[in-house]
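Undergrad: Sharing a structure, written as C-alpha cells. Questions coming.
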Amino acid sequence: MMTLQDIDWEHWTPVEDATLLFVIRGGRILLIHKKRGFGAGKINGPGGRIEPGETPEECALREVEEELRIRPLNVDYAGLLQFQFVDGFSIRGHVYRAADFEGTPVETDEAIPLWCETDALPFERMWADDPVWFPHLLAGRRFSGRFIFEGERMVEYRVVEEEEEFECET
Ligand SMILES: Nc1ncnc2c1[nH]c(=O)n2[C@H]1C[C@H](O)[C@@H](COP(=O)(O)OP(=O)(O)OP(=O)(O)O)O1
C-alpha cells in the first residue's frame with residue numbers, strides 16, 4: 001500500500017487544483033450539502049476546481065458566489081491540502097476563511113447551504129480528512145496537510161501548523 005513516504009512531496013504536482021472557502025461568524029460555520037461533482041452527497045465547504053488563468057483566491061470567491069450566491073468579505077488564506085489517491089489521481093486544496101459576507105446564502109443546483117455550530121460539526125457526513133485539519137481552521141491557524149486516500153478511505157495523513165503562507169504555483 002502507498003504511504004506518505006513513497007511520495008516526493010517537494011516535486012509533487014497534482015492532477016487538479018481546487019479551493020475551499022469557509023465563512024466563520026458568530027460561532028457558526030457556513031457549510032454546504034454538495035449536490036454534484038467530486039464528493040457529491042457529502043457536507044463540505046463551498047469550493048471547486050481552479051480554472052485556467054485564475055488565482056486560487058479568485059477561484060474561491062467565484063465558487064462561493066456560484067454555489068451560494070454570496071460574496072465573502074475579510075478573506076484570509078488558511079491552508080493547503082495535498083491529496084494523493086492510490087489510483088493515481090491527486091488534488092490540491094487551497095483553503096480560505098472569511099469573517100463576513102454580503103448577501104443571503106441560497107440553494108443552487110450545486111449546493112444547499114448549511115450553518116453549523118463550530119463545536120458540533122457533522123464530521124460523519126464529511127470527508128475523512130476534515131476532522132484532522134478543521135481544528136486549525138477554526139482556531140485561525142495556518143496549516144498544511146498531506147494525505148493518502150484509497151477511494152474515500154483515508155490511509156495516512158500528516159497535518160502541521162505553518163508559520164507563514166507558503167508560495168505555491170498552480
Ligand atoms: N478530501 C477532501 N476533503 C475536503 N475537501 C475536499 C477533499 N477532496 C476534494 O476534492 N475536496 C474539495 C476541493 C474542492 O472544493 C471540491 C472538488 O471540486 P469540485 O466540486 O469537483 O469542482 P467543481 O469545479 O465545482 O466541479 P463541478 O461542479 O464543475 O463538477 O472538493
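Chain identifiers are assigned as A, B, and so on, following the order in which chains appear in the C-alpha cells; residues are numbered from 1 within each chain, and ligands are numbered from 1 in order of appearance.
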Dump as CSV the rows for residues of segment 40-98 of chain A within 7 Å of segment 112-127 of chain A: closest atom pair and distance in Å with one decimal, only C-alpha atoms counted, ordered by chain and rising residue number.

TA:
residue,atom,partner,partner_atom,distance
A:Lys42,CA,A:Met126,CA,5.4
A:Ile43,CA,A:Met126,CA,4.9
A:Asn44,CA,A:Met126,CA,6.1
A:Leu68,CA,A:Pro113,CA,6.7

Undergrad: Could you dump the residues just selected with C-alpha atoms as a compact mmCIF listing (two decimals), in the first residue's frame?

TA:
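Final output, saved to part24.txt:
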# COMPACT_ATOMS: atom_id res chain seq x y z
CA LYS A 42 -21.05 15.00 1.45
CA ILE A 43 -21.06 18.03 3.68
CA ASN A 44 -18.13 20.27 2.74
CA LEU A 68 -24.33 30.03 -2.55

Undergrad: Compile a residue-level contact table for chain A against ligand 1 at a cut-off of 6 Å, reporting for every qualifying residue the shortest atom pair and its distance in Å to one decimal, with only C-alpha atoms and all ligand atoms counted, rows ordered by chain and ascending number, as a tab-separated table.

TA:
residue	atom	partner	partner_atom_place_in_ligand_line	distance
A:Ala18	CA	ligand 1	14 (C)	4.9
A:Thr19	CA	ligand 1	15 (O)	4.7
A:Leu20	CA	ligand 1	15 (O)	4.7
A:Arg36	CA	ligand 1	28 (O)	5.9
A:Gly37	CA	ligand 1	30 (O)	3.7
A:Phe38	CA	ligand 1	21 (O)	3.8
A:Gly47	CA	ligand 1	15 (O)	3.6
A:Gly48	CA	ligand 1	22 (O)	3.4
A:Arg49	CA	ligand 1	24 (O)	3.9
A:Gly93	CA	ligand 1	13 (C)	5.4
A:Trp127	CA	ligand 1	3 (N)	4.8
A:Asp129	CA	ligand 1	3 (N)	5.7
A:Asp130	CA	ligand 1	3 (N)	5.8

Undergrad: Selection from above, N, CA and C atoms, as a PDB file, in the first residue's frame, can you write it?

TA:
ATOM      1  N   ALA A  18      -7.837  22.878  -6.552  1.00  0.00           N
ATOM      2  CA  ALA A  18      -9.190  23.297  -6.174  1.00  0.00           C
ATOM      3  C   ALA A  18      -9.118  24.188  -4.938  1.00  0.00           C
ATOM      4  N   THR A  19     -10.270  24.717  -4.568  1.00  0.00           N
ATOM      5  CA  THR A  19     -10.320  25.607  -3.406  1.00  0.00           C
ATOM      6  C   THR A  19     -11.468  25.225  -2.472  1.00  0.00           C
ATOM      7  N   LEU A  20     -11.356  25.689  -1.261  1.00  0.00           N
ATOM      8  CA  LEU A  20     -12.429  25.595  -0.266  1.00  0.00           C
ATOM      9  C   LEU A  20     -12.449  26.932   0.466  1.00  0.00           C
ATOM     10  N   ARG A  36     -23.428  17.931  -6.458  1.00  0.00           N
ATOM     11  CA  ARG A  36     -22.833  17.277  -7.626  1.00  0.00           C
ATOM     12  C   ARG A  36     -21.313  17.456  -7.608  1.00  0.00           C
ATOM     13  N   GLY A  37     -20.625  16.778  -8.520  1.00  0.00           N
ATOM     14  CA  GLY A  37     -19.170  16.893  -8.612  1.00  0.00           C
ATOM     15  C   GLY A  37     -18.476  15.943  -7.659  1.00  0.00           C
ATOM     16  N   PHE A  38     -17.191  16.162  -7.482  1.00  0.00           N
ATOM     17  CA  PHE A  38     -16.366  15.305  -6.639  1.00  0.00           C
ATOM     18  C   PHE A  38     -16.827  15.453  -5.182  1.00  0.00           C
ATOM     19  N   GLY A  47     -16.634  25.326  -2.764  1.00  0.00           N
ATOM     20  CA  GLY A  47     -15.344  25.350  -3.456  1.00  0.00           C
ATOM     21  C   GLY A  47     -15.426  24.583  -4.743  1.00  0.00           C
ATOM     22  N   GLY A  48     -14.300  24.508  -5.431  1.00  0.00           N
ATOM     23  CA  GLY A  48     -14.265  23.772  -6.684  1.00  0.00           C
ATOM     24  C   GLY A  48     -12.928  23.942  -7.373  1.00  0.00           C
ATOM     25  N   ARG A  49     -12.863  23.461  -8.591  1.00  0.00           N
ATOM     26  CA  ARG A  49     -11.588  23.429  -9.304  1.00  0.00           C
ATOM     27  C   ARG A  49     -11.203  24.802  -9.862  1.00  0.00           C
ATOM     28  N   GLY A  93      -5.918  21.246  -2.428  1.00  0.00           N
ATOM     29  CA  GLY A  93      -6.970  22.161  -1.975  1.00  0.00           C
ATOM     30  C   GLY A  93      -6.376  23.379  -1.292  1.00  0.00           C
ATOM     31  N   TRP A 127     -15.724  14.646   4.473  1.00  0.00           N
ATOM     32  CA  TRP A 127     -14.549  13.879   4.062  1.00  0.00           C
ATOM     33  C   TRP A 127     -13.798  13.404   5.308  1.00  0.00           C
ATOM     34  N   ASP A 129     -10.779  13.315   6.042  1.00  0.00           N
ATOM     35  CA  ASP A 129      -9.640  14.136   6.492  1.00  0.00           C
ATOM     36  C   ASP A 129     -10.080  15.372   7.276  1.00  0.00           C
ATOM     37  N   ASP A 130     -11.332  15.783   7.119  1.00  0.00           N
ATOM     38  CA  ASP A 130     -11.744  17.061   7.706  1.00  0.00           C
ATOM     39  C   ASP A 130     -11.480  17.158   9.217  1.00  0.00           C
TER      40      ASP A 130
END

Undergrad: Which residue is closest to Arg92 of chain A? Choose from A:His11, A:Lys35, A:Arg146, A:Arg25 and count only C-alpha atoms.

TA: A:Arg146

Undergrad: Can you tell me which residues surround Arg69 of chain A at a distance of at most 8 Å, considering only C-alpha atoms, apart from same-chain residues fewer than 5 positions away, and format the answer as a short mmCIF file (atom, residue, chain, number, x, y, z; two decimals) with C-alpha atoms, in the first residue's frame?

TA:
data_model
loop_
_atom_site.label_atom_id
_atom_site.label_comp_id
_atom_site.auth_asym_id
_atom_site.auth_seq_id
_atom_site.Cartn_x
_atom_site.Cartn_y
_atom_site.Cartn_z
CA VAL A 64 -18.81 30.63 -3.30
CA GLY A 103 -25.92 38.54 0.58
CA THR A 104 -28.08 35.63 1.68
CA PRO A 105 -26.91 32.03 1.13
CA VAL A 106 -29.42 30.19 -1.06
#

Undergrad: I'd like the contact shell of Glu10 of chain A - 12 Å cut-off, only C-alpha atoms, skipping same-chain residues fewer than 4 positions apart - returned as a PyMOL selection string.

TA: chain A and resi 5+14+82+146+168

Undergrad: If you count only C-alpha atoms, which residues fall within 12 Å of Ala139 of chain A, apart from same-chain ones fewer than 2 positions away, as a PyMOL selection string?

TA: chain A and resi 24+27+78+97+118-119+133-137+141-143+161

Undergrad: Restrict the selected residues to N, CA and C atoms and save them as a short mmCIF file (atom, residue, chain, number, x, y, z; two decimals), in the first residue's frame.

TA:
data_model
loop_
_atom_site.label_atom_id
_atom_site.label_comp_id
_atom_site.auth_asym_id
_atom_site.auth_seq_id
_atom_site.Cartn_x
_atom_site.Cartn_y
_atom_site.Cartn_z
N ILE A 24 -16.82 31.89 8.66
CA ILE A 24 -16.94 31.55 10.09
C ILE A 24 -17.31 32.84 10.83
N GLY A 27 -19.60 32.04 15.97
CA GLY A 27 -19.63 30.67 16.50
C GLY A 27 -20.23 29.65 15.55
N ALA A 78 -5.90 30.20 4.64
CA ALA A 78 -5.88 29.34 5.84
C ALA A 78 -4.92 28.16 5.70
N ARG A 97 -10.54 31.23 4.73
CA ARG A 97 -11.64 31.51 5.66
C ARG A 97 -12.06 32.97 5.47
N THR A 118 -19.78 25.62 15.40
CA THR A 118 -18.40 25.15 15.21
C THR A 118 -18.02 24.05 16.20
N ASP A 119 -18.78 23.92 17.30
CA ASP A 119 -18.45 22.84 18.25
C ASP A 119 -19.35 21.61 18.05
N TRP A 133 -7.87 18.55 10.20
CA TRP A 133 -7.38 19.92 9.96
C TRP A 133 -8.39 21.01 10.36
N PHE A 134 -9.65 20.64 10.57
CA PHE A 134 -10.62 21.65 10.99
C PHE A 134 -10.23 22.37 12.30
N PRO A 135 -9.62 21.68 13.27
CA PRO A 135 -9.24 22.43 14.49
C PRO A 135 -8.31 23.61 14.18
N HIS A 136 -7.39 23.46 13.21
CA HIS A 136 -6.53 24.58 12.81
C HIS A 136 -7.37 25.68 12.15
N LEU A 137 -8.25 25.26 11.24
CA LEU A 137 -9.11 26.24 10.54
C LEU A 137 -9.91 27.06 11.54
N ARG A 141 -5.55 29.28 12.70
CA ARG A 141 -4.14 28.97 12.41
C ARG A 141 -3.97 28.62 10.93
N ARG A 142 -2.74 28.81 10.43
CA ARG A 142 -2.40 28.34 9.08
C ARG A 142 -1.87 26.93 9.18
N PHE A 143 -2.18 26.13 8.19
CA PHE A 143 -1.84 24.72 8.29
C PHE A 143 -1.56 24.15 6.90
N GLU A 161 0.97 22.76 11.59
CA GLU A 161 0.71 24.20 11.61
C GLU A 161 1.83 24.89 10.86
#

Undergrad: Which polymer residues have any atom within 8 Å of an atom of Leu21 of chain A, counting only C-alpha atoms, with same-chain residues fewer than 6 positions away left out, as a PyMOL selection string?

TA: chain A and resi 45-47+60-61+64+95-98

Undergrad: Go ahead and save the residues from that selection, with C-alpha atoms, as an mmCIF file, in the first residue's frame.

TA:
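Below is the file that was written, selection.cif:
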data_model
loop_
_atom_site.group_PDB
_atom_site.id
_atom_site.type_symbol
_atom_site.label_atom_id
_atom_site.label_comp_id
_atom_site.auth_asym_id
_atom_site.auth_seq_id
_atom_site.Cartn_x
_atom_site.Cartn_y
_atom_site.Cartn_z
ATOM 1 C CA GLY A 45 -17.179 23.879 2.334
ATOM 2 C CA PRO A 46 -18.093 25.666 -0.875
ATOM 3 C CA GLY A 47 -15.344 25.350 -3.456
ATOM 4 C CA ALA A 60 -12.538 30.506 -4.077
ATOM 5 C CA LEU A 61 -14.621 33.700 -4.390
ATOM 6 C CA VAL A 64 -18.811 30.625 -3.300
ATOM 7 C CA VAL A 95 -8.254 26.707 1.872
ATOM 8 C CA TYR A 96 -9.575 30.149 2.815
ATOM 9 C CA ARG A 97 -11.643 31.515 5.657
ATOM 10 C CA ALA A 98 -13.830 34.601 5.656
#

Undergrad: Please run DSSP on the backbone and report, as a PyMOL selection string, all residues within segment 8-170 of chain A that come out as strand (DSSP E or B).

TA: chain A and resi 16-25+28-34+43-44+47-49+71-85+90-102+111-117+142-150+153-162
